[in-house]
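Before any comments, here is the structure.
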Amino acid sequence: MADFRQKLKMMSSLSADWNKPAEKPVVCEKTLDDTETVFPYDTVYGRYSLEMFRDVSARLFYGLNDLPEEPLDPERLLFLDTETTGLFGAAVQAFLVGLGYFRKDGFHVRQLLMRSLGAEEELLNALRDLFPSFDTVVTFNGKSFDIPLLETRMVFHRIRAEFPETHIDLIHPARRIYKLRLESCRLSNLEARVFGVERVDDLDGSLIPGRYFQFTRTGDDALLTDILDHNRQDIVSMPLLVCAMCQALSGPTEAQPDADLFSIGRYYMRQKNADTAADYFSNVPDGLWALPAQWHRSLILKKTDPAAAAACWEEILARTPDYCPAMIELSKYHEHTTRDISAAYSYCLQALDTNMGKYKYAGELSARKARLEKKLFRSGNAKEDAPRK
Amino acid sequence: MNLIQILESWKNDPNVMDYVTCWQKIPARPAVYASWPEDMHPKLSDMLQERGIRLPYSHQAEAFRLISGGKDTVIVTPTASGKSLCYQVPVLDAILKDKDARALFLFPTKALSADQVTELYSMITALDCDIKAYTYDGDTSVSARKAVRSAGNIVVTNPDMLHSGILPNHVKWVKLFENLRYVVIDEIHTYRGIFGSHLTNVIRRLKRICQFYGSDPVFVCCSATIANPLQLAETITGRRMSVVDKSGAPYGERDMIFYNPPVVNKQLGIRKSALTQARMFASVLIANHVQTIVFARSRLMVEVLLTYLKAIVRDPLGGSERVRGYRGGYMPLERRAIEKGLKNGSVTGVVSTNALELGVDIGSLEACVLCGYPGTIASTWQQAGRAGRRNSSSVTLFIANSSPMDQFIVTHPEYFFEQSPEMALVNPDNLYIFMSHLKCAAFELPFEDGEEFGNVATTEEALSYLQEEGILQHVAGRWHWSSETFPAADISLRSASNENVIIVDTTGNDNRVIGEMDHFTAPMLLHDEAIYIHEGVQYQVEKLDLPMHKAFIKRTNVDYYTDADMQVDVKVMDVFDEEEEGDRVDMFGEVLVNSLVTVFKKIKFDTHENIGWGQIHLPEMTMHTQAVWYSWPKGLPGMNEGQIGRALSGVTNLLANVAPLFLMCDPRDIVTFYQVRQPFTNAPTLFLYDAIPGSMGLSEKMFHMKDEVFRQALSMLDTCPCETGCPSCVGPDSEPDSKELTRRLLLSILDKSEAVE
Ligand SMILES: [Zn+2]
């Protein structure tokens with residue numbers, strides 16, 4: 001009679017999915033590894049160094065996540081990044097939590113690693129004990145991934161933890177600032193294109209769970225080296241990215257790429273900081289982003305200095321003669337501000353003649369045309385001298 | 001004429017009565033009312049009163065009492081008896097009294113879930129309170145999911161979504177699981193076989209998670225009439241349950257008529273087609289404004305009947321909306337239109353595939369015409385239940401086609417009326433299914449040492465096996481998931497093994513996945529050129545790509561179906577039980593089935609004529625399952641080898657047709673097969689095995705049934721109108737002596753066992 005195990009074996013032999021090499025499990029005695037590396041302040045990484053973090057403005061730093069300014073004590077910031085056993089589902093654990101914080105002697109990177117799958121509770125308890133020493137946690141994509149994961153794992157183990165009150169997720173400002181220029185805003189790509197340093201032999205993130213599981217089965221520490229390096233680099237890059245972004249946000253310079261200048265203009269517009277936004281837009285040099293920058297600047301000026309805005313629009317038309325939205329704005333400007341109805345009517349007719357005017361803005365423009373014609377007629381401007389072109 | 005006059009005219013018409021094999025009258029029954037319990041929330045009784053429900057039927061009040069009292073309950077009631085109210089009222093009552101209370105409703109299909117939520121909405125609106133009821137299925141938008149997870153008092157979903165969407169992500173559903181008070185499983189009779197075995201394991205997982213979050217929900221199951229609703233519900237929920245099975249709903253008098261169309265070719269045993277006869281009866285009913293529903297077995301037949309009946313009612317302006325078609329997949333809006341038409345009398349006839357069987361209520365009609373036997377006693381009663389009003393009489397007319405099963409039923413009405421309806425079998429411990437869900441459960445929560453999954457004693461052994469496979473790791477008393485995979489994604493609740501063939505419809509511009517099938521069955525049913533029927537629609541298979549696990553099909557419209565010839569070899573691995581019955585030895589055990597399909601036949605609907613064939617080039621398949629086998633170690637006296645072959649072949653064919661009647665299974669769930677000289681028994685042997693990897697327990701049930709099946713096989717053979725054997729009785733390749741040899745073998749089986757008694 002076939003016993004249960006033989007049946008399972010036979011079942012697996014009938015199904016290709018099950019043919020996985022069996023490895024002898026290695027039971028590991030020590031459950032949690034807690035290692036610390038200190039990076040001195042003079043550590044340089046491409047264009048940036050850790051030292052520069054001392055000069056980061058509190059206003060710009062909290063502004064990264066649209067938060068009001070509060071006192072910035074670098075020693076109360078906790079940089080955090082996790083490596084996990086998968087992407088979704090109840091079985092996903094954060095087996096490695098990398099933490100970074102500034103101290104007198106430099107930037108400390110502490111790595112908490114589960115040496116076995118049973119060490120999660122210990123790791124989470126260690127985090128719980130550590131959190132109260134910090135006010136703010138800084139992550140890269142932590143709002144949608146790392147922090148909710150840690151929170152649910154705490155629920156899972158019924159651990160009550162007070163996470164730092166404030167959370168700055170760097171991925172959102174990084175996207176706002178660099179997305180137009182870079183095809184990907186992954187941390188390693190930001191390092192390459194913003195810091196000017198390429199990662200060497202970086203581990204592909206999708207390989208991490210497999211490597212880790214292999215480690216838990218074999219106990220082979222060599223399998224972890226790349227994962228620990230990868231995670232350490234992610235942690236160190238975060239304060240440097242803060243430096244890079246805050247520097248870029250502290251005022252337009254000629255050295256900045258035009259796409260960045262334009263993006264930062266938009267960044268400030270989103271934060272309703274019109275003056276700074278206009279400052280960035282007016283510094284965008286000729287090229288791909290000049291027209292959109294000029295256009296955005298004109299919309300800011302429209303509210304405070306209509307004449308300057310009108311000058312902007314005329315300048316736009318001088319360079320891009322068929323830019324319909326500028327004609328519409330000028331038509332509105334002359335109708336309502338200078339009250340030169342003929343000029344308004346003329347811009348309206350021009351706008352109707354463009355491609356955008358024929359389709360996208362057709363309804364709006366024909367209403368405008370009708371209204372202007374009425375005004376022209378009423379003001380005694382005879383039909384024959386109305387369209388002057 | 002009204003219905004009573006029509007029935008009277010049939011009774012006096014020999015052209016009808018000569019072919020009626022049974023005319024049974026089922027008397028009317030009045031309503032039995034009870035009262036709602038005192039402590040029911042007053043808002044609820046007001047709301048029910050406003051909806052015209054002054055007093056509950058006795059079964060509704062009984063269900064309320066049990067469910068509110070925290071008893072796990074199974075409710076067994078006929079169609080249209082107000083079954084949903086049995087659980088809706090106590091669940092709403094509980095939420096009105098505790099706004100944090102949650103309930104999970106499971107329905108087998110999305111359409112039923114949608115119906116349920118519509119009904120709940122209207123009750124909640126009438127209650128004017130802040131109760132949230134949502135459906136959660138593949139159609140729920142990502143943005144809506146968050147609200148469902150955090151705020152839904154009642155979450156209405158299906159087992160597939162519970163399995164792959166909710167349980168593996170339980171950490172996102174903390175609110176639901178912490179406060180889960182009720183789990184309602186409606187239409188539980190549909191969870192038989194593989195689907196039911198999977199559901200049982202999904203419920204095992206659900207209970208584990210509830211326990212983790214500290215909740216202990218009450219289970220409520222609803223079933224149509226089957227032989228074993230309590231047993232089924234207790235197996236699926238793993239709980240002892242109370243039963244409510246005395247319906248207090250009233251019904252009118254009902255006539256049940258069985259009609260067997262006249263024989264037109266005695267030699268071949270061919271009868272007039274059921275379709276023609278159904279058309280004839282339905283036209284009389286509809287022309288006389290008797291509201292009628294006609295059930296046909298395929299979409300094709302629905303179309304044919306619909307065209308014909310529409311022509312009958314066409315008015316001078318060409319309008320024919322008095323007769324409507326109803327197919328699976330109709331949207332609720334269209335269903336409501338038909339329902340409304342039936343209520344206000346603008347619709348007289350509905351033609352449907354058996355899509356309507358599943359609880360969707362379109363109102364009650366006066367007459368029901370079944371064109372062909374629906375397959376089981378239970379579903380026959382369910383379809384018949386569509387006709388039947390509370391206060392007036394109704395009729396159900398069953399018209400047999402020439403298939404062996406139909407012929408058996410129409411000639412054995414006593415079997416239909418006396419036999420209790422079929423059993424719904426599940427086998428949650430089927431090794432394949434069990435292991436699949438053990439993986440999912442381990443993914444959801446690590447198993448603790450000593451913990452058993454579904455009280456299966458071999459849990460620990462199975463877990464340590466999964467460790468060897470690299471899927472789990474045993475660390476400090478717990479089994480941790482240690483793989484990057486998401487196990488629920490690979491497991492379909494509709495098939496036993498995890499390597500399914502995906503069925504892709506290439507008819508339109510974009511390829512659409514319409515289903516899947518396990519890879520043991522695929523070569524039989526999805527080989528190149530096979531006609532595959534899905535929800536009543538005919539498709540032809542263009543290509544079966546086994547290495548890619550895909551079958552590409554295209555819509556077609558032909559008058560035949562295909563039947564593949566499978567060469568089978570059975571290797572006995574283990575004998576669980578063995579009994580001698582005279583010269584015959586019956587054994588039950590575990591087997592490996594090697595199967596190879598080489599050719600297929602094209603067979604005409606209705607007449608079952610063989611009209612062509614084709615070759616199939618596919619590799620051999622191996623399946624591990626259970627079987628029952630009957631062998632004659634002393635041989636069969638008075639028969640030479642060729643005759644033994646023909647006799648066994650005849651019995652094999654009869655068995656394949658008669659066994660599903662007793663096992664309550666789809667004929668495709670079992671395979672019968674014979675060998676004149678079988679290597680293991682070294683004798684002429686007849687096999688019946690479960691066509692599902694790991695088995696559904698059908699062959700075991702067969703082993704215990706003994707001679708009863710053979711007795712019915714003999715009676716099926718004798719009632720076949722053919723002279724020397726035809727495709728309906730002894731199978732397609734008969735010789736002039738086939739019927740006689742088959743009869744001799746069956747007689748010897750029955751004589752011997754009777755002699756022993
Ligand atoms: Zn026959």
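Residue names in the structure tokens use chain letters A, B, ... in the order shown, residue numbers from 1 in each chain, and ligand numbers from 1 in the order shown.
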Range 614-718 of chain B: residues DSSP assigns to strand (DSSP E), reported as number ranges by chain: B: 614-615, 621-631, 670-678, 683-690
Kindly export the residues of the current selection with N, CA and C atoms, as a CSV table (one decimal), in the first residue's frame.
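Output file out.csv follows:
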```csv
chain,number,residue,atom,x,y,z
B,614,GLY,N,-12.3,12.1,-37.5
B,614,GLY,CA,-11.0,12.8,-37.8
B,614,GLY,C,-10.0,12.2,-36.9
B,615,GLN,N,-8.7,12.5,-37.2
B,615,GLN,CA,-7.6,12.0,-36.4
B,615,GLN,C,-7.1,13.1,-35.4
B,621,MET,N,-1.6,11.0,-21.8
B,621,MET,CA,-1.8,11.7,-20.5
B,621,MET,C,-1.8,10.7,-19.4
B,622,THR,N,-1.3,11.0,-18.2
B,622,THR,CA,-1.4,10.1,-17.1
B,622,THR,C,-2.1,10.8,-16.0
B,623,MET,N,-3.1,10.1,-15.4
B,623,MET,CA,-3.8,10.7,-14.3
B,623,MET,C,-3.9,9.7,-13.1
B,624,HIS,N,-3.8,10.3,-11.9
B,624,HIS,CA,-3.9,9.5,-10.7
B,624,HIS,C,-5.2,9.7,-10.1
B,625,THR,N,-6.0,8.6,-10.0
B,625,THR,CA,-7.3,8.7,-9.5
B,625,THR,C,-7.8,7.4,-8.8
B,626,GLN,N,-9.1,7.3,-8.5
B,626,GLN,CA,-9.6,6.1,-7.9
B,626,GLN,C,-10.6,5.4,-8.9
B,627,ALA,N,-10.7,4.1,-8.7
B,627,ALA,CA,-11.6,3.4,-9.6
B,627,ALA,C,-12.3,2.2,-8.9
B,628,VAL,N,-13.4,1.8,-9.4
B,628,VAL,CA,-14.0,0.5,-9.0
B,628,VAL,C,-13.9,-0.4,-10.2
B,629,TRP,N,-13.6,-1.7,-10.0
B,629,TRP,CA,-13.6,-2.6,-11.1
B,629,TRP,C,-14.2,-4.0,-10.8
B,630,TYR,N,-14.8,-4.5,-11.8
B,630,TYR,CA,-15.5,-5.8,-11.6
B,630,TYR,C,-14.8,-6.8,-12.6
B,631,SER,N,-14.4,-7.9,-12.0
B,631,SER,CA,-13.8,-8.9,-12.9
B,631,SER,C,-14.3,-10.3,-12.7
B,670,ILE,N,-17.2,10.6,-14.8
B,670,ILE,CA,-16.8,9.3,-14.7
B,670,ILE,C,-16.4,8.7,-16.1
B,671,VAL,N,-15.6,7.7,-16.1
B,671,VAL,CA,-15.3,7.0,-17.4
B,671,VAL,C,-15.4,5.5,-17.1
B,672,THR,N,-16.1,4.8,-18.1
B,672,THR,CA,-16.1,3.4,-18.0
B,672,THR,C,-15.3,2.8,-19.1
B,673,PHE,N,-14.8,1.6,-18.8
B,673,PHE,CA,-13.9,1.0,-19.8
B,673,PHE,C,-13.7,-0.4,-19.4
B,674,TYR,N,-13.4,-1.3,-20.4
B,674,TYR,CA,-13.3,-2.7,-20.2
B,674,TYR,C,-12.0,-3.3,-20.8
B,675,GLN,N,-11.6,-4.4,-20.3
B,675,GLN,CA,-10.5,-5.1,-21.0
B,675,GLN,C,-10.9,-6.6,-20.9
B,676,VAL,N,-10.8,-7.3,-22.0
B,676,VAL,CA,-11.1,-8.7,-22.1
B,676,VAL,C,-10.1,-9.5,-21.2
B,677,ARG,N,-8.9,-9.1,-21.2
B,677,ARG,CA,-7.9,-9.7,-20.4
B,677,ARG,C,-7.1,-8.6,-19.7
B,678,GLN,N,-7.4,-8.4,-18.4
B,678,GLN,CA,-6.7,-7.3,-17.7
B,678,GLN,C,-5.5,-7.8,-17.0
B,683,ALA,N,-8.2,-11.3,-15.9
B,683,ALA,CA,-9.6,-11.8,-16.2
B,683,ALA,C,-10.3,-10.7,-16.9
B,684,PRO,N,-11.5,-11.0,-17.6
B,684,PRO,CA,-12.3,-9.9,-18.2
B,684,PRO,C,-12.7,-9.0,-17.1
B,685,THR,N,-12.5,-7.7,-17.3
B,685,THR,CA,-12.7,-6.7,-16.3
B,685,THR,C,-13.4,-5.4,-16.8
B,686,LEU,N,-14.2,-4.9,-16.0
B,686,LEU,CA,-15.0,-3.7,-16.3
B,686,LEU,C,-14.6,-2.6,-15.3
B,687,PHE,N,-14.1,-1.5,-15.8
B,687,PHE,CA,-13.7,-0.4,-14.9
B,687,PHE,C,-14.6,0.8,-14.9
B,688,LEU,N,-14.7,1.5,-13.8
B,688,LEU,CA,-15.4,2.8,-13.7
B,688,LEU,C,-14.5,3.6,-12.9
B,689,TYR,N,-13.9,4.7,-13.4
B,689,TYR,CA,-13.1,5.5,-12.6
B,689,TYR,C,-13.5,7.0,-12.6
B,690,ASP,N,-13.1,7.7,-11.6
B,690,ASP,CA,-13.3,9.2,-11.5
B,690,ASP,C,-12.4,9.9,-12.5
```
Near-range 54-57 of chain A list (12 Å; only C-alpha atoms; drop same-chain fewer than 5 positions) as a ChimeraX atom specification: /A:41-42,49,62-64,69-75,102-104,106-107,239-250
Selection above as a file: N, CA, C and O atoms, as a CSV table (one decimal), in the first residue's frame:
```
chain,number,residue,atom,x,y,z
A,41,TYR,N,31.1,62.5,7.4
A,41,TYR,CA,30.4,63.6,6.6
A,41,TYR,C,31.1,63.9,5.3
A,41,TYR,O,30.5,64.4,4.4
A,42,ASP,N,32.4,63.6,5.2
A,42,ASP,CA,33.1,64.0,4.0
A,42,ASP,C,32.9,62.9,2.9
A,42,ASP,O,33.6,63.0,1.8
A,49,SER,N,27.8,65.6,-1.3
A,49,SER,CA,28.4,65.0,-0.2
A,49,SER,C,27.5,65.0,1.0
A,49,SER,O,26.6,65.9,1.0
A,62,TYR,N,10.7,70.2,4.3
A,62,TYR,CA,9.3,69.8,4.6
A,62,TYR,C,8.4,70.2,3.4
A,62,TYR,O,7.4,69.5,3.2
A,63,GLY,N,8.8,71.2,2.6
A,63,GLY,CA,8.1,71.5,1.4
A,63,GLY,C,8.1,70.4,0.4
A,63,GLY,O,7.2,70.3,-0.4
A,64,LEU,N,9.0,69.5,0.5
A,64,LEU,CA,9.1,68.4,-0.5
A,64,LEU,C,7.8,67.6,-0.5
A,64,LEU,O,7.4,67.1,-1.5
A,69,GLU,N,6.8,74.5,7.3
A,69,GLU,CA,8.1,74.4,7.9
A,69,GLU,C,8.1,74.1,9.4
A,69,GLU,O,7.2,74.6,10.1
A,70,GLU,N,9.0,73.3,9.8
A,70,GLU,CA,9.2,73.1,11.2
A,70,GLU,C,10.7,72.9,11.5
A,70,GLU,O,11.4,72.7,10.5
A,71,PRO,N,11.1,73.0,12.7
A,71,PRO,CA,12.5,72.9,13.0
A,71,PRO,C,13.1,71.6,12.5
A,71,PRO,O,12.5,70.6,12.6
A,72,LEU,N,14.2,71.7,11.8
A,72,LEU,CA,14.8,70.5,11.2
A,72,LEU,C,16.1,70.1,12.0
A,72,LEU,O,17.0,70.8,12.0
A,73,ASP,N,15.9,69.0,12.7
A,73,ASP,CA,17.1,68.4,13.4
A,73,ASP,C,17.5,67.1,12.8
A,73,ASP,O,16.8,66.1,12.9
A,74,PRO,N,18.6,67.1,12.0
A,74,PRO,CA,19.0,66.0,11.2
A,74,PRO,C,19.1,64.7,12.1
A,74,PRO,O,18.8,63.6,11.6
A,75,GLU,N,19.3,64.9,13.4
A,75,GLU,CA,19.5,63.7,14.2
A,75,GLU,C,18.1,63.1,14.5
A,75,GLU,O,18.0,62.0,15.1
A,102,PHE,N,21.6,60.7,11.1
A,102,PHE,CA,22.8,61.5,11.3
A,102,PHE,C,23.2,61.5,12.8
A,102,PHE,O,22.3,61.6,13.7
A,103,ARG,N,24.5,61.4,13.1
A,103,ARG,CA,25.0,61.5,14.4
A,103,ARG,C,26.3,62.4,14.3
A,103,ARG,O,26.7,62.8,13.2
A,104,LYS,N,26.9,62.7,15.4
A,104,LYS,CA,28.0,63.6,15.4
A,104,LYS,C,29.1,63.2,14.5
A,104,LYS,O,29.7,64.0,13.8
A,106,GLY,N,28.9,61.2,11.8
A,106,GLY,CA,28.6,61.0,10.4
A,106,GLY,C,27.2,60.4,10.3
A,106,GLY,O,26.3,60.4,11.2
A,107,PHE,N,27.0,59.7,9.1
A,107,PHE,CA,25.7,59.2,8.8
A,107,PHE,C,25.7,57.7,9.1
A,107,PHE,O,26.6,56.9,8.5
A,239,PRO,N,19.6,60.8,1.8
A,239,PRO,CA,20.0,62.2,2.2
A,239,PRO,C,20.6,62.9,1.1
A,239,PRO,O,20.4,64.2,0.9
A,240,LEU,N,21.4,62.2,0.2
A,240,LEU,CA,22.0,62.9,-0.9
A,240,LEU,C,21.0,63.4,-1.9
A,240,LEU,O,21.1,64.5,-2.4
A,241,LEU,N,19.9,62.7,-2.1
A,241,LEU,CA,18.8,63.1,-3.0
A,241,LEU,C,18.1,64.3,-2.4
A,241,LEU,O,17.8,65.2,-3.1
A,242,VAL,N,18.0,64.3,-1.1
A,242,VAL,CA,17.4,65.5,-0.4
A,242,VAL,C,18.3,66.7,-0.7
A,242,VAL,O,17.8,67.8,-1.1
A,243,CYS,N,19.6,66.6,-0.6
A,243,CYS,CA,20.5,67.7,-0.9
A,243,CYS,C,20.3,68.1,-2.3
A,243,CYS,O,20.2,69.3,-2.6
A,244,ALA,N,20.3,67.2,-3.2
A,244,ALA,CA,20.2,67.5,-4.6
A,244,ALA,C,18.9,68.3,-4.9
A,244,ALA,O,18.9,69.3,-5.6
A,245,MET,N,17.8,67.8,-4.4
A,245,MET,CA,16.5,68.4,-4.7
A,245,MET,C,16.4,69.8,-4.0
A,245,MET,O,16.0,70.8,-4.6
A,246,CYS,N,16.9,69.9,-2.7
A,246,CYS,CA,16.8,71.2,-2.1
A,246,CYS,C,17.7,72.2,-2.7
A,246,CYS,O,17.3,73.4,-2.8
A,247,GLN,N,18.8,71.8,-3.2
A,247,GLN,CA,19.7,72.7,-3.9
A,247,GLN,C,19.0,73.2,-5.2
A,247,GLN,O,19.0,74.4,-5.5
A,248,ALA,N,18.4,72.2,-5.9
A,248,ALA,CA,17.7,72.6,-7.2
A,248,ALA,C,16.6,73.6,-6.9
A,248,ALA,O,16.3,74.4,-7.8
A,249,LEU,N,16.0,73.4,-5.7
A,249,LEU,CA,14.8,74.2,-5.4
A,249,LEU,C,15.1,75.6,-4.8
A,249,LEU,O,14.3,76.4,-4.7
A,250,SER,N,16.4,75.8,-4.5
A,250,SER,CA,16.8,77.0,-3.8
A,250,SER,C,17.0,78.2,-4.7
A,250,SER,O,17.3,79.3,-4.3
```
Contacts of Tyr191 in chain B at 10 Å (only C-alpha atoms; same-chain gap of 5+ positions) as an mmCIF file with N, CA, C and O atoms, in the first residue's frame:
```
data_model
loop_
_atom_site.group_PDB
_atom_site.id
_atom_site.type_symbol
_atom_site.label_atom_id
_atom_site.label_comp_id
_atom_site.auth_asym_id
_atom_site.auth_seq_id
_atom_site.Cartn_x
_atom_site.Cartn_y
_atom_site.Cartn_z
ATOM 1 N N PRO B 108 -22.488 31.685 -6.256
ATOM 2 C CA PRO B 108 -21.611 31.033 -7.227
ATOM 3 C C PRO B 108 -21.321 31.879 -8.471
ATOM 4 O O PRO B 108 -20.341 31.635 -9.145
ATOM 5 N N ILE B 185 -23.734 31.234 2.584
ATOM 6 C CA ILE B 185 -23.375 30.548 1.342
ATOM 7 C C ILE B 185 -24.685 30.129 0.677
ATOM 8 O O ILE B 185 -25.326 29.178 1.113
ATOM 9 N N ASP B 186 -25.068 30.870 -0.344
ATOM 10 C CA ASP B 186 -26.339 30.567 -1.001
ATOM 11 C C ASP B 186 -26.088 29.603 -2.162
ATOM 12 O O ASP B 186 -24.959 29.480 -2.630
ATOM 13 N N GLY B 196 -17.155 22.214 -5.253
ATOM 14 C CA GLY B 196 -17.496 22.082 -3.844
ATOM 15 C C GLY B 196 -16.302 21.671 -2.999
ATOM 16 O O GLY B 196 -16.141 22.115 -1.858
ATOM 17 N N SER B 197 -15.454 20.816 -3.551
ATOM 18 C CA SER B 197 -14.276 20.377 -2.813
ATOM 19 C C SER B 197 -13.331 21.556 -2.599
ATOM 20 O O SER B 197 -12.728 21.706 -1.537
ATOM 21 N N HIS B 198 -13.228 22.403 -3.626
ATOM 22 C CA HIS B 198 -12.416 23.611 -3.469
ATOM 23 C C HIS B 198 -13.043 24.536 -2.435
ATOM 24 O O HIS B 198 -12.358 25.040 -1.554
ATOM 25 N N LEU B 199 -14.366 24.751 -2.570
ATOM 26 C CA LEU B 199 -15.020 25.686 -1.650
ATOM 27 C C LEU B 199 -14.808 25.250 -0.199
ATOM 28 O O LEU B 199 -14.537 26.066 0.664
ATOM 29 N N THR B 200 -14.930 23.946 0.053
ATOM 30 C CA THR B 200 -14.731 23.444 1.414
ATOM 31 C C THR B 200 -13.369 23.889 1.946
ATOM 32 O O THR B 200 -13.229 24.323 3.089
ATOM 33 N N SER B 223 -29.965 25.783 0.276
ATOM 34 C CA SER B 223 -29.844 24.747 -0.734
ATOM 35 C C SER B 223 -31.193 24.506 -1.384
ATOM 36 O O SER B 223 -32.237 24.638 -0.753
ATOM 37 N N LEU B 232 -23.978 17.993 3.070
ATOM 38 C CA LEU B 232 -23.166 18.854 2.209
ATOM 39 C C LEU B 232 -22.772 20.124 2.950
ATOM 40 O O LEU B 232 -21.600 20.520 2.951
ATOM 41 N N ALA B 233 -23.752 20.761 3.598
ATOM 42 C CA ALA B 233 -23.469 22.012 4.304
ATOM 43 C C ALA B 233 -22.493 21.770 5.455
ATOM 44 O O ALA B 233 -21.599 22.575 5.701
ATOM 45 N N ILE B 236 -19.005 21.309 3.966
ATOM 46 C CA ILE B 236 -18.417 22.543 3.452
ATOM 47 C C ILE B 236 -18.037 23.491 4.583
ATOM 48 O O ILE B 236 -16.974 24.110 4.556
ATOM 49 N N ALA B 424 -25.211 15.470 -3.483
ATOM 50 C CA ALA B 424 -24.116 16.308 -3.959
ATOM 51 C C ALA B 424 -22.867 15.851 -3.219
ATOM 52 O O ALA B 424 -22.790 15.938 -2.004
ATOM 53 N N LEU B 425 -21.925 15.291 -3.953
ATOM 54 C CA LEU B 425 -20.709 14.767 -3.329
ATOM 55 C C LEU B 425 -19.585 15.781 -3.422
ATOM 56 O O LEU B 425 -19.383 16.404 -4.451
ATOM 57 N N VAL B 426 -18.858 15.915 -2.349
ATOM 58 C CA VAL B 426 -17.607 16.671 -2.429
ATOM 59 C C VAL B 426 -16.525 15.828 -1.773
ATOM 60 O O VAL B 426 -16.804 14.977 -0.935
#
```
Selection as a ChimeraX atom specification: residues within 9 Å of ligand 1 by only C-alpha atoms and all ligand atoms: /B:267-269,404,716-731,739
Chain B contacts to chain A at 7 Å (only C-alpha atoms) as a list in words: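 Using only C-alpha atoms, chain B residues at most 7 Å from chain A: Pro168, Asn169, His170, Val171, Phe443, Glu444, Glu468, Glu469, Gly470, Val475, Ala476, His480, Trp481, Ser482, Ser483, Glu484 and Asp574 of chain B.
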Pairwise distance for CA of Gln407 in chain B and CA of Ser352 in chain B, rounded to one decimal in Å: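 Rounded to one decimal, the two atoms are 22.3 Å apart.
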Atom pair CA of Leu261 in chain A / CA of Leu170 in chain A: separation (Å): 18.6 Å
Straight-line distance linking CA of Arg145 in chain B with CA of Ile194 in chain B, stated in Å to one decimal: 29.0 Å
Spatial neighbours of range 340-348 of chain B, 8 Å, only C-alpha atoms, chain gap at least 6 places, as a list in words: Ile286, His289, Val290, Gln291, Thr292, Glu321, Arg322, Val323, Arg324, Gly363 and Leu365 of chain B
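Residues in contact with Arg193 in chain A at up to 12 Å, not including ones fewer than 3 positions away on its chain and judged by only C-alpha atoms, are Gly46, Arg47, Tyr178, Lys179, Arg181, Leu182, Glu183, Ser184, Cys185, Arg186, Leu187, Ser188, Asn189, Leu190, Gly196, Val197, Glu198, Arg199, Leu241, Ala244 and Pro257 of chain A.
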Exercise: Met405 in chain B partners within 9 Å, only C-alpha atoms, chain neighbours under 2 positions left out, as a list of chain:residue names: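 In the requested format, the answer is B:Tyr373, B:Gly375, B:Ala400, B:Asn401, B:Ser402, B:Ser403, B:Gln407, B:Phe408, B:Ile409, B:Val410, B:Asn657, B:Val658, B:Pro660, B:Leu661, B:Met716.
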Spatial neighbours of Ala103 in chain B, 9 Å, only C-alpha atoms, chain gap at least 3 places, as a PyMOL selection string: chain B and resi 91+95+152-156+176+179-184+217
Now that the selection is made, can you save its residues with C-alpha atoms as an mmCIF file, in the first residue's frame?
```cif
data_model
loop_
_atom_site.group_PDB
_atom_site.id
_atom_site.type_symbol
_atom_site.label_atom_id
_atom_site.label_comp_id
_atom_site.auth_asym_id
_atom_site.auth_seq_id
_atom_site.Cartn_x
_atom_site.Cartn_y
_atom_site.Cartn_z
ATOM 1 C CA VAL B 91 -28.300 39.820 9.152
ATOM 2 C CA ILE B 95 -26.312 45.212 11.843
ATOM 3 C CA GLY B 152 -18.787 47.330 3.803
ATOM 4 C CA ASN B 153 -21.184 45.896 6.381
ATOM 5 C CA ILE B 154 -22.254 43.275 3.871
ATOM 6 C CA VAL B 155 -19.726 42.130 1.293
ATOM 7 C CA VAL B 156 -21.258 40.084 -1.517
ATOM 8 C CA LEU B 176 -14.152 42.637 8.002
ATOM 9 C CA ASN B 179 -16.155 41.894 13.046
ATOM 10 C CA LEU B 180 -17.392 39.051 10.882
ATOM 11 C CA ARG B 181 -20.648 37.792 12.361
ATOM 12 C CA TYR B 182 -22.281 35.940 9.464
ATOM 13 C CA VAL B 183 -21.127 33.970 6.469
ATOM 14 C CA VAL B 184 -23.945 33.154 4.048
ATOM 15 C CA PRO B 217 -19.054 33.817 12.418
#
```
DSSP-assigned alpha helix (DSSP H) among range 5-120 of chain B, expressed as a PyMOL selection string: chain B and resi 5-11+14-17+42-50+58-68+84-97+110-120
Given only C-alpha atoms as the counted atoms, nearest of A:Tyr267, A:Phe377, A:Tyr359, A:Phe131 to Ile341 in chain A: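 That would be A:Phe377, the residue with the smallest distance to Ile341 in chain A.
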